[in-house]
>>> print(open('final22.pdb').read())   # PDB, C-alpha atoms
ATOM      1  CA  MET G   7      32.301 -18.404 -10.803
ATOM      2  CA  LYS G   8      35.043 -15.901  -9.937
ATOM      3  CA  ARG G   9      33.676 -13.125  -7.728
ATOM      4  CA  VAL G  10      34.121  -9.477  -8.657
ATOM      5  CA  THR G  11      34.940  -7.571  -5.482
ATOM      6  CA  ASN G  12      35.902  -4.149  -6.828
ATOM      7  CA  LEU G  13      33.000  -1.705  -6.394
ATOM      8  CA  LYS G  14      33.794   0.318  -9.505
ATOM      9  CA  GLU G  15      34.015  -2.815 -11.620
ATOM     10  CA  LEU G  16      30.602  -3.938 -10.377
ATOM     11  CA  GLU G  17      29.145  -0.484 -11.099
ATOM     12  CA  ILE G  18      30.525  -0.665 -14.630
ATOM     13  CA  ILE G  19      28.986  -4.123 -15.084
ATOM     14  CA  ALA G  20      25.647  -2.663 -13.953
ATOM     15  CA  ASP G  21      25.859   0.046 -16.622
ATOM     16  CA  GLU G  22      26.810  -2.534 -19.246
ATOM     17  CA  ILE G  23      23.706  -4.473 -18.223
ATOM     18  CA  ARG G  24      21.626  -1.308 -18.711
ATOM     19  CA  GLU G  25      23.058  -0.831 -22.207
ATOM     20  CA  GLU G  26      22.071  -4.341 -23.232
ATOM     21  CA  ILE G  27      18.599  -3.913 -21.719
ATOM     22  CA  ILE G  28      18.007  -0.840 -23.885
ATOM     23  CA  LYS G  29      19.275  -2.608 -27.006
ATOM     24  CA  MET G  30      17.140  -5.702 -26.525
ATOM     25  CA  LEU G  31      14.009  -3.722 -25.694
ATOM     26  CA  VAL G  32      14.235  -1.468 -28.742
ATOM     27  CA  GLU G  33      14.842  -4.544 -30.908
ATOM     28  CA  ALA G  34      11.831  -6.336 -29.419
ATOM     29  CA  GLY G  35       9.548  -3.309 -29.579
ATOM     30  CA  SER G  36       7.823  -4.434 -26.388
ATOM     31  CA  GLY G  37       8.705  -5.180 -22.800
ATOM     32  CA  HIS G  38       9.433  -3.408 -19.527
ATOM     33  CA  SER G  39      12.016  -0.663 -19.092
ATOM     34  CA  GLY G  40      11.657   0.908 -15.644
ATOM     35  CA  GLY G  41      12.163  -2.098 -13.375
ATOM     36  CA  PRO G  42      15.028  -3.772 -15.271
ATOM     37  CA  LEU G  43      17.054  -0.536 -15.405
ATOM     38  CA  GLY G  44      16.385   0.160 -11.737
ATOM     39  CA  MET G  45      17.467  -3.318 -10.639
ATOM     40  CA  SER G  46      20.651  -3.549 -12.729
ATOM     41  CA  ASP G  47      22.874  -2.740  -9.748
ATOM     42  CA  VAL G  48      21.286  -5.475  -7.624
ATOM     43  CA  PHE G  49      21.574  -8.112 -10.357
ATOM     44  CA  ALA G  50      25.178  -7.163 -11.109
ATOM     45  CA  ALA G  51      25.971  -7.650  -7.424
ATOM     46  CA  LEU G  52      24.084 -10.939  -7.210
ATOM     47  CA  TYR G  53      25.534 -12.714 -10.240
ATOM     48  CA  PHE G  54      29.054 -11.326 -10.071
ATOM     49  CA  ASN G  55      29.593 -11.365  -6.317
ATOM     50  CA  ILE G  56      26.860 -12.790  -4.067
ATOM     51  CA  LEU G  57      25.377 -15.957  -5.582
ATOM     52  CA  ASN G  58      27.028 -19.342  -5.485
ATOM     53  CA  HIS G  59      26.567 -20.395  -9.130
ATOM     54  CA  ASP G  60      28.476 -21.748 -12.099
ATOM     55  CA  PRO G  61      27.370 -20.836 -15.663
ATOM     56  CA  LYS G  62      29.240 -23.895 -16.935
ATOM     57  CA  LYS G  63      27.223 -26.116 -14.570
ATOM     58  CA  PRO G  64      23.771 -24.471 -14.387
ATOM     59  CA  ALA G  65      22.241 -27.548 -12.715
ATOM     60  CA  LEU G  66      24.902 -27.744 -10.001
ATOM     61  CA  GLU G  67      23.234 -29.296  -6.949
ATOM     62  CA  GLY G  68      24.730 -26.880  -4.430
ATOM     63  CA  ARG G  69      23.965 -23.723  -6.386
ATOM     64  CA  ASP G  70      21.953 -20.863  -4.953
ATOM     65  CA  ARG G  71      18.541 -20.512  -6.628
ATOM     66  CA  LEU G  72      17.028 -17.208  -7.756
ATOM     67  CA  VAL G  73      13.270 -16.995  -8.280
ATOM     68  CA  LEU G  74      12.178 -13.962 -10.299
ATOM     69  CA  SER G  75       8.639 -13.601  -8.974
ATOM     70  CA  ASN G  76       8.319 -10.208 -10.683
ATOM     71  CA  GLY G  77       8.843 -11.962 -13.998
ATOM     72  CA  HIS G  78       8.175  -8.868 -16.096
ATOM     73  CA  ILE G  79      11.644  -7.498 -15.239
ATOM     74  CA  CYS G  80      13.200 -10.530 -16.978
ATOM     75  CA  PRO G  81      15.303  -8.350 -19.334
ATOM     76  CA  VAL G  82      17.670  -7.636 -16.426
ATOM     77  CA  LEU G  83      17.845 -11.353 -15.590
ATOM     78  CA  TYR G  84      18.438 -12.357 -19.217
ATOM     79  CA  VAL G  85      21.219  -9.811 -19.700
ATOM     80  CA  THR G  86      22.900 -10.761 -16.422
ATOM     81  CA  LEU G  87      22.753 -14.465 -17.258
ATOM     82  CA  ALA G  88      24.240 -13.792 -20.697
ATOM     83  CA  LYS G  89      27.018 -11.602 -19.310
ATOM     84  CA  SER G  90      27.757 -14.303 -16.729
ATOM     85  CA  GLY G  91      28.228 -16.853 -19.513
ATOM     86  CA  TYR G  92      25.014 -18.896 -19.459
ATOM     87  CA  PHE G  93      24.285 -18.222 -23.151
ATOM     88  CA  PRO G  94      25.609 -15.913 -25.912
ATOM     89  CA  ILE G  95      25.013 -12.174 -25.546
ATOM     90  CA  SER G  96      24.030 -12.066 -29.224
ATOM     91  CA  GLU G  97      20.882 -14.041 -28.328
ATOM     92  CA  LEU G  98      19.558 -11.102 -26.290
ATOM     93  CA  LYS G  99      18.244  -9.476 -29.458
ATOM     94  CA  THR G 100      15.756 -12.321 -29.866
ATOM     95  CA  LEU G 101      13.721 -11.134 -26.854
ATOM     96  CA  ARG G 102       9.974 -11.773 -27.324
ATOM     97  CA  LYS G 103      10.421 -12.985 -30.900
ATOM     98  CA  LEU G 104       8.676 -16.055 -32.277
ATOM     99  CA  GLY G 105      10.589 -19.189 -31.329
ATOM    100  CA  SER G 106      12.972 -17.334 -29.012
ATOM    101  CA  ARG G 107      14.185 -18.840 -25.764
ATOM    102  CA  LEU G 108      13.848 -15.361 -24.257
ATOM    103  CA  GLN G 109      10.128 -15.055 -23.643
ATOM    104  CA  GLY G 110       8.394 -11.998 -22.180
ATOM    105  CA  HIS G 111       8.419 -13.803 -18.838
ATOM    106  CA  PRO G 112      10.922 -16.479 -17.725
ATOM    107  CA  HIS G 113      10.118 -20.004 -18.862
ATOM    108  CA  LEU G 114      11.576 -23.007 -17.040
ATOM    109  CA  HIS G 115      13.842 -25.224 -19.192
ATOM    110  CA  ALA G 116      13.948 -22.633 -21.992
ATOM    111  CA  LEU G 117      17.240 -21.168 -20.781
ATOM    112  CA  PRO G 118      19.986 -22.350 -18.438
ATOM    113  CA  GLY G 119      19.837 -20.399 -15.191
ATOM    114  CA  ILE G 120      16.028 -20.099 -15.078
ATOM    115  CA  GLU G 121      14.816 -21.806 -11.901
ATOM    116  CA  THR G 122      11.046 -21.575 -12.448
ATOM    117  CA  SER G 123       8.452 -20.089 -14.796
ATOM    118  CA  THR G 124       6.969 -16.821 -13.553
ATOM    119  CA  GLY G 125       4.517 -14.221 -14.768
ATOM    120  CA  PRO G 126       1.362 -14.255 -12.620
ATOM    121  CA  LEU G 127       2.428 -11.915  -9.831
ATOM    122  CA  GLY G 128       2.669 -13.377  -6.351
ATOM    123  CA  GLN G 129       3.114 -16.993  -7.374
ATOM    124  CA  GLY G 130       6.899 -16.889  -7.282
ATOM    125  CA  THR G 131       6.761 -16.087  -3.574
ATOM    126  CA  SER G 132       5.059 -19.411  -2.854
ATOM    127  CA  VAL G 133       7.435 -21.290  -5.141
ATOM    128  CA  ALA G 134      10.462 -19.785  -3.416
ATOM    129  CA  ALA G 135       9.072 -20.533   0.042
ATOM    130  CA  GLY G 136       8.452 -24.127  -1.019
ATOM    131  CA  MET G 137      11.964 -24.457  -2.419
ATOM    132  CA  ALA G 138      13.436 -23.074   0.811
ATOM    133  CA  TYR G 139      11.308 -25.450   2.919
ATOM    134  CA  GLY G 140      12.395 -28.406   0.793
ATOM    135  CA  ALA G 141      16.031 -27.423   1.161
ATOM    136  CA  LYS G 142      15.587 -27.260   4.938
ATOM    137  CA  LEU G 143      13.993 -30.725   5.024
ATOM    138  CA  ASP G 144      16.884 -32.122   2.983
ATOM    139  CA  ASN G 145      19.529 -30.330   5.085
ATOM    140  CA  LYS G 146      20.869 -28.457   2.059
ATOM    141  CA  SER G 147      23.070 -25.411   2.580
ATOM    142  CA  TYR G 148      22.191 -23.421  -0.528
ATOM    143  CA  LYS G 149      20.080 -20.247  -0.387
ATOM    144  CA  ILE G 150      16.896 -19.268  -2.195
ATOM    145  CA  PHE G 151      16.876 -15.673  -3.436
ATOM    146  CA  LEU G 152      13.419 -14.253  -4.130
ATOM    147  CA  SER G 153      13.012 -11.168  -6.332
ATOM    148  CA  MET G 154       9.746  -9.259  -5.855
ATOM    149  CA  GLY G 155       8.224  -6.029  -7.120
ATOM    150  CA  ASP G 156       6.536  -3.616  -4.758
ATOM    151  CA  GLY G 157       3.373  -3.508  -6.898
ATOM    152  CA  GLU G 158       3.389  -7.300  -6.752
ATOM    153  CA  LEU G 159       2.844  -7.080  -3.001
ATOM    154  CA  ASP G 160      -0.767  -6.091  -3.732
ATOM    155  CA  GLU G 161      -1.302  -9.830  -4.214
ATOM    156  CA  GLY G 162      -2.606 -11.666  -1.141
ATOM    157  CA  GLN G 163      -0.697 -14.786  -2.117
ATOM    158  CA  CYS G 164       2.549 -13.004  -1.224
ATOM    159  CA  TRP G 165       1.493 -12.548   2.375
ATOM    160  CA  GLU G 166       0.345 -16.149   2.667
ATOM    161  CA  ALA G 167       3.818 -17.216   1.526
ATOM    162  CA  PHE G 168       5.415 -14.803   4.001
ATOM    163  CA  MET G 169       3.437 -16.362   6.865
ATOM    164  CA  PHE G 170       4.487 -19.845   5.746
ATOM    165  CA  ALA G 171       8.158 -18.825   5.571
ATOM    166  CA  ALA G 172       8.014 -17.284   9.048
ATOM    167  CA  LYS G 173       6.272 -20.321  10.552
ATOM    168  CA  TYR G 174       9.048 -22.637   9.392
ATOM    169  CA  LYS G 175      11.840 -20.147  10.169
ATOM    170  CA  LEU G 176      13.158 -20.274   6.606
ATOM    171  CA  ASP G 177      16.386 -18.367   7.146
ATOM    172  CA  ASN G 178      17.652 -19.866   3.891
ATOM    173  CA  LEU G 179      15.155 -17.626   2.067
ATOM    174  CA  ILE G 180      16.427 -14.158   1.160
ATOM    175  CA  GLY G 181      13.749 -11.994  -0.405
ATOM    176  CA  PHE G 182      14.415  -8.630  -1.977
ATOM    177  CA  VAL G 183      11.854  -6.066  -3.062
ATOM    178  CA  ASP G 184      12.274  -3.617  -5.927
ATOM    179  CA  ARG G 185      10.826  -0.677  -4.004
ATOM    180  CA  ASN G 186      10.594   1.730  -6.933
ATOM    181  CA  ASN G 187       7.162   3.110  -5.954
ATOM    182  CA  ILE G 188       5.567   2.576  -9.374
ATOM    183  CA  GLN G 189       3.394  -0.002 -11.085
ATOM    184  CA  ILE G 190       1.841  -0.210 -14.509
ATOM    185  CA  ASP G 191      -0.957   2.324 -14.023
ATOM    186  CA  GLY G 192       0.384   4.700 -11.400
ATOM    187  CA  THR G 193       2.363   5.048  -8.202
ATOM    188  CA  THR G 194       2.077   2.447  -5.492
ATOM    189  CA  ASP G 195       0.896   5.173  -3.107
ATOM    190  CA  ASP G 196      -2.033   5.907  -5.404
ATOM    191  CA  ILE G 197      -2.908   2.350  -6.412
ATOM    192  CA  MET G 198      -2.465   0.431  -3.145
ATOM    193  CA  PRO G 199      -0.372   2.102  -0.419
ATOM    194  CA  LEU G 200       2.290  -0.149   1.129
ATOM    195  CA  ARG G 201       3.675   2.161   3.782
ATOM    196  CA  PRO G 202       5.076   1.332   6.273
ATOM    197  CA  LEU G 203       6.434  -1.636   4.310
ATOM    198  CA  ALA G 204       9.281  -2.520   6.666
ATOM    199  CA  ASP G 205       6.875  -2.640   9.594
ATOM    200  CA  LYS G 206       4.558  -4.959   7.671
ATOM    201  CA  PHE G 207       7.362  -7.459   7.056
ATOM    202  CA  LYS G 208       8.448  -7.214  10.688
ATOM    203  CA  ALA G 209       4.868  -7.927  11.775
ATOM    204  CA  PHE G 210       5.000 -11.061   9.621
ATOM    205  CA  ASN G 211       8.128 -12.065  11.550
ATOM    206  CA  TRP G 212      10.723 -11.415   8.846
ATOM    207  CA  HIS G 213      14.142  -9.894   9.418
ATOM    208  CA  VAL G 214      14.200  -6.620   7.491
ATOM    209  CA  ILE G 215      17.125  -4.765   5.918
ATOM    210  CA  GLU G 216      16.444  -1.530   4.038
ATOM    211  CA  ILE G 217      18.908  -0.015   1.571
ATOM    212  CA  ASN G 218      19.423   2.244  -1.412
ATOM    213  CA  GLY G 219      19.186  -0.370  -4.158
ATOM    214  CA  ASN G 220      21.279   1.710  -6.537
ATOM    215  CA  LYS G 221      24.299   1.970  -4.221
ATOM    216  CA  MET G 222      26.632  -0.967  -4.791
ATOM    217  CA  LYS G 223      28.302  -0.913  -1.376
ATOM    218  CA  GLN G 224      24.946  -0.995   0.418
ATOM    219  CA  ILE G 225      23.758  -3.846  -1.812
ATOM    220  CA  LEU G 226      26.803  -6.003  -1.089
ATOM    221  CA  ASN G 227      26.685  -5.310   2.644
ATOM    222  CA  ALA G 228      22.973  -6.141   2.839
ATOM    223  CA  PHE G 229      23.175  -9.459   0.991
ATOM    224  CA  ASN G 230      26.283 -10.552   2.872
ATOM    225  CA  GLN G 231      24.516  -9.768   6.145
ATOM    226  CA  ALA G 232      21.420 -11.637   4.959
ATOM    227  CA  LYS G 233      23.417 -14.776   4.120
ATOM    228  CA  LYS G 234      24.687 -14.959   7.696
ATOM    229  CA  TYR G 235      21.397 -14.242   9.474
ATOM    230  CA  LYS G 236      19.753 -17.124  11.356
ATOM    231  CA  GLY G 237      16.265 -17.751  12.726
ATOM    232  CA  LYS G 238      13.938 -15.888  10.348
ATOM    233  CA  PRO G 239      13.393 -15.372   6.620
ATOM    234  CA  ILE G 240      15.102 -12.196   5.447
ATOM    235  CA  VAL G 241      13.864  -9.425   3.190
ATOM    236  CA  ILE G 242      15.963  -6.622   1.734
ATOM    237  CA  ILE G 243      13.882  -3.601   0.746
ATOM    238  CA  CYS G 244      15.798  -2.094  -2.169
ATOM    239  CA  ASN G 245      14.772   1.523  -2.661
ATOM    240  CA  THR G 246      15.477   2.024  -6.356
ATOM    241  CA  ILE G 247      14.910   4.580  -9.080
ATOM    242  CA  PRO G 248      12.820   3.107 -11.901
ATOM    243  CA  GLY G 249      14.526   3.745 -15.217
ATOM    244  CA  LYS G 250      17.825   4.387 -13.404
ATOM    245  CA  GLY G 251      20.491   5.876 -15.669
ATOM    246  CA  VAL G 252      18.074   7.260 -18.260
ATOM    247  CA  GLY G 253      16.891  10.712 -17.243
ATOM    248  CA  PHE G 254      13.656  10.810 -19.232
ATOM    249  CA  MET G 255      12.575   7.450 -17.784
ATOM    250  CA  GLU G 256      13.528   7.899 -14.146
ATOM    251  CA  LYS G 257      10.689   7.862 -11.585
ATOM    252  CA  ARG G 258       7.987   7.865 -14.283
ATOM    253  CA  PHE G 259       5.421   5.087 -14.032
ATOM    254  CA  GLU G 260       4.695   5.452 -17.755
ATOM    255  CA  TRP G 261       7.984   3.597 -18.417
ATOM    256  CA  HIS G 262       7.014   0.594 -16.282
ATOM    257  CA  GLY G 263       5.872  -1.396 -19.313
ATOM    258  CA  LYS G 264       6.995   0.786 -22.206
ATOM    259  CA  THR G 265       9.989   0.430 -24.527
ATOM    260  CA  PRO G 266      12.042   3.207 -26.134
ATOM    261  CA  ASN G 267      11.937   3.882 -29.845
ATOM    262  CA  LYS G 268      15.218   4.060 -31.786
ATOM    263  CA  GLU G 269      15.738   7.770 -31.177
ATOM    264  CA  GLU G 270      15.019   7.395 -27.467
ATOM    265  CA  ALA G 271      17.280   4.340 -27.287
ATOM    266  CA  ILE G 272      20.248   6.271 -28.711
ATOM    267  CA  LYS G 273      19.680   9.037 -26.171
ATOM    268  CA  ALA G 274      19.417   6.461 -23.381
ATOM    269  CA  LEU G 275      22.623   4.684 -24.415
ATOM    270  CA  HIS G 276      24.554   7.948 -24.430
ATOM    271  CA  GLN G 277      23.309   8.822 -20.933
ATOM    272  CA  ILE G 278      24.312   5.415 -19.601
ATOM    273  CA  CYS G 279      27.672   5.800 -21.330
ATOM    274  CA  GLU G 280      28.228   9.155 -19.622
ATOM    275  CA  ASP G 281      27.697   7.530 -16.236
ATOM    276  CA  GLU G 282      30.117   4.735 -17.083
ATOM    277  CA  CYS G 283      32.719   7.328 -18.106
ATOM    278  CA  LYS G 284      32.358   9.042 -14.723
ATOM    279  CA  ILE G 285      32.894   5.724 -12.936
ATOM    280  CA  ARG G 286      35.997   5.058 -15.029
ATOM    281  CA  GLY G 287      37.269   8.594 -14.461
ATOM    282  CA  LEU G 288      37.477   9.184 -18.202
ATOM    283  CA  ASP G 289      36.687  12.214 -20.291
ATOM    284  CA  ALA G 290      33.103  11.707 -21.460
ATOM    285  CA  ASN G 291      33.770  12.679 -25.102
ATOM    286  CA  LYS G 292      36.802  10.402 -25.416
ATOM    287  CA  CYS G 293      34.941   7.567 -23.753
ATOM    288  CA  LYS G 294      31.957   7.994 -26.073
ATOM    289  CA  ALA G 295      34.240   7.985 -29.109
ATOM    290  CA  LEU G 296      35.811   4.699 -28.005
ATOM    291  CA  LEU G 297      32.419   3.131 -27.334
ATOM    292  CA  GLU G 298      31.072   4.299 -30.692
ATOM    293  CA  GLN G 299      34.064   2.728 -32.433
ATOM    294  CA  SER G 300      33.411  -0.544 -30.638
ATOM    295  CA  GLY G 301      29.757  -0.508 -31.696
ATOM    296  CA  ARG G 302      28.424  -0.387 -28.141
ATOM    297  CA  LEU G 303      26.265   2.650 -28.853
ATOM    298  CA  GLU G 304      24.591   1.144 -31.893
TER
END
>>> encode(input="final22.pdb", output="C-alpha cells")
Amino acid sequence: MKRVTNLKELEIIADEIREEIIKMLVEAGSGHSGGPLGMSDVFAALYFNILNHDPKKPALEGRDRLVLSNGHICPVLYVTLAKSGYFPISELKTLRKLGSRLQGHPHLHALPGIETSTGPLGQGTSVAAGMAYGAKLDNKSYKIFLSMGDGELDEGQCWEAFMFAAKYKLDNLIGFVDRNNIQIDGTTDDIMPLRPLADKFKAFNWHVIEINGNKMKQILNAFNQAKKYKGKPIVIICNTIPGKGVGFMEKRFEWHGKTPNKEEAIKALHQICEDECKIRGLDANKCKALLEQSGRLE
C-alpha cells in the first residue's frame, strides 16, 4: 500500500476516521467512544504509513500483523480497515447489527484484515507473543503489532505474556498501550494504579518509548524507531486523550463504553470538522458548508 508521508494529510485522515466512528456508533446505538476516538491518530499512522500490508492481498505472507487485544476499541480498527480499502466504507453502518461482519469485538475470518478474535482482555497479549515467537522460529521478517488498553493491564495474563516475550527476546513484537487513564468504571488511578508504568515495563525487560499519542510526528518517530530496535520486545506508551476531538467526551470515563445520541453526534461531527478545517488552513464556516453539501456531517 502506498505510504502517506505528509503529516497534515495523516492528521486529516485521523479526523476522517473520527467522523466515521461517530456515525457508526450512533447508528449502532451501542459501543465504545472514548478509546476509538483517542487512538485515531495512532491507527491512521499505522495503516497509512507504518505497517507493511496490502488491502488487496489481506493474507499476504510477509504482511505485518496487528493484534487488537483491547478489542472493545474495534470501531477505530474497522474504520481504518475500510478507509484503507479492505471492505466498503458503507458497511461501517452495520456495526453490531444482526448478521453483520462488524461485531462488537473483532472476529477472525469475519473481515479481511482481522488477525485474531479478541474480547476477553489480556488474551491478545499472549496471542501476539505466540505469533512473534513463531515468526522468530520460522525466520520471518514481518512484525507483530500489539494494541493494548491501560485498563487491560490489570489482567495478570498480560504480565505473563510480557515475561515470555522478554525471555525469548522478541524484538519483532511492538506493543503499544492506549494510556488514556480511564476504564469503564473510573480512572485507572482509582481502579488499579499503574504508575510508574514505564518502569514496570523496563523491569520486565522491555524497551520503552513514551509519547503523546495524539501528536502525529511523535507517533511516526516512535514506531519507526521501534521497527529498528533489536534485542528486546518494544512497547510504546501512547499518552492519549479519551474522546479526542469531541470536547464533551474528552477525559471523561463515562464515555468509555457509551455512544452519542443523534443530537450529540451532530455536535461531535461539527467539532471534528472544525479541527479538520484548522489543519487544512480553511475558514471553518466555508469548510463546514462544503462538508454539509457532501453529506459528511449527516
>>> resolve_selection(input="final22.pdb", expression="the PyMOL selection byres ((chain G and resi 236-248) around 7)", output="PyMOL selection string")
chain G and resi 40-41+43-44+171-172+175-186+212-220+232+234-235+249-250+256-257
>>> write_last_selection(input="final22.pdb", atoms="C-alpha atoms", output="PDB file, keeping the file's coordinate frame")
ATOM      1  CA  GLY G  40      11.657   0.908 -15.644  1.00  0.00           C
ATOM      2  CA  GLY G  41      12.163  -2.098 -13.375  1.00  0.00           C
ATOM      3  CA  LEU G  43      17.054  -0.536 -15.405  1.00  0.00           C
ATOM      4  CA  GLY G  44      16.385   0.160 -11.737  1.00  0.00           C
ATOM      5  CA  ALA G 171       8.158 -18.825   5.571  1.00  0.00           C
ATOM      6  CA  ALA G 172       8.014 -17.284   9.048  1.00  0.00           C
ATOM      7  CA  LYS G 175      11.840 -20.147  10.169  1.00  0.00           C
ATOM      8  CA  LEU G 176      13.158 -20.274   6.606  1.00  0.00           C
ATOM      9  CA  ASP G 177      16.386 -18.367   7.146  1.00  0.00           C
ATOM     10  CA  ASN G 178      17.652 -19.866   3.891  1.00  0.00           C
ATOM     11  CA  LEU G 179      15.155 -17.626   2.067  1.00  0.00           C
ATOM     12  CA  ILE G 180      16.427 -14.158   1.160  1.00  0.00           C
ATOM     13  CA  GLY G 181      13.749 -11.994  -0.405  1.00  0.00           C
ATOM     14  CA  PHE G 182      14.415  -8.630  -1.977  1.00  0.00           C
ATOM     15  CA  VAL G 183      11.854  -6.066  -3.062  1.00  0.00           C
ATOM     16  CA  ASP G 184      12.274  -3.617  -5.927  1.00  0.00           C
ATOM     17  CA  ARG G 185      10.826  -0.677  -4.004  1.00  0.00           C
ATOM     18  CA  ASN G 186      10.594   1.730  -6.933  1.00  0.00           C
ATOM     19  CA  TRP G 212      10.723 -11.415   8.846  1.00  0.00           C
ATOM     20  CA  HIS G 213      14.142  -9.894   9.418  1.00  0.00           C
ATOM     21  CA  VAL G 214      14.200  -6.620   7.491  1.00  0.00           C
ATOM     22  CA  ILE G 215      17.125  -4.765   5.918  1.00  0.00           C
ATOM     23  CA  GLU G 216      16.444  -1.530   4.038  1.00  0.00           C
ATOM     24  CA  ILE G 217      18.908  -0.015   1.571  1.00  0.00           C
ATOM     25  CA  ASN G 218      19.423   2.244  -1.412  1.00  0.00           C
ATOM     26  CA  GLY G 219      19.186  -0.370  -4.158  1.00  0.00           C
ATOM     27  CA  ASN G 220      21.279   1.710  -6.537  1.00  0.00           C
ATOM     28  CA  ALA G 232      21.420 -11.637   4.959  1.00  0.00           C
ATOM     29  CA  LYS G 234      24.687 -14.959   7.696  1.00  0.00           C
ATOM     30  CA  TYR G 235      21.397 -14.242   9.474  1.00  0.00           C
ATOM     31  CA  GLY G 249      14.526   3.745 -15.217  1.00  0.00           C
ATOM     32  CA  LYS G 250      17.825   4.387 -13.404  1.00  0.00           C
ATOM     33  CA  GLU G 256      13.528   7.899 -14.146  1.00  0.00           C
ATOM     34  CA  LYS G 257      10.689   7.862 -11.585  1.00  0.00           C
TER      35      LYS G 257
END
>>> residues_around(input="final22.pdb", residues="range 280-283 of chain G", least_positions_apart="2", cutoff="10 Å", atoms="all atoms listed in the file", output="list in words")
Lys14, Glu17, Ile18, Ile19, Ala20, Asp21, Glu22, Gly251, Val252, Ala274, Leu275, His276, Gln277, Ile278, Ile285, Arg286, Gly287, Leu288, Asp289, Ala290, Asn291, Lys292, Cys293 and Lys294 of chain G
>>> residues_near_point(input="final22.pdb", point="(2.6, -5.0, -11.8)", cutoff="6 Å", atoms="all atoms listed in the file", output="PyMOL selection string")
chain G and resi 157-158+189-190
>>> atom_distance(input="final22.pdb", atom1="CA of Ile188 in chain G", atom2="CA of Leu127 in chain G")
14.8 Å
>>> closest_residue(input="final22.pdb", among="G:Phe93, G:Phe229, G:Phe54, G:Phe49", to="Leu74 in chain G", atoms="all atoms listed in the file")
G:Phe49
>>> resolve_selection(input="final22.pdb", expression="the PyMOL selection byres ((chain G and resi 98-105) around 10)", output="PyMOL selection string")
chain G and resi 26-27+29-37+80-81+84-85+88+93-97+106-111
>>> residues_around(input="final22.pdb", residues="Lys63 in chain G", least_positions_apart="5", cutoff="12 Å", atoms="only C-alpha atoms", output="list in words")
Met7, Asn58, Gly68, Arg69, Gly91, Tyr92, Pro118 and Gly119 of chain G
>>> residues_near_point(input="final22.pdb", point="(13.4, -20.7, -11.5)", cutoff="8 Å", atoms="all atoms listed in the file", output="list in words")
Arg71, Leu72, Val73, Leu74, Pro112, Leu114, Gly119, Ile120, Glu121, Thr122, Ser123 and Thr124 of chain G
>>> closest_residue(input="final22.pdb", among="G:Trp261, G:Tyr174, G:Phe210, G:Phe168", to="Ser132 in chain G", atoms="all atoms listed in the file")
G:Phe168
>>> atom_distance(input="final22.pdb", atom1="CA of Lys206 in chain G", atom2="CA of Cys164 in chain G")
12.2 Å
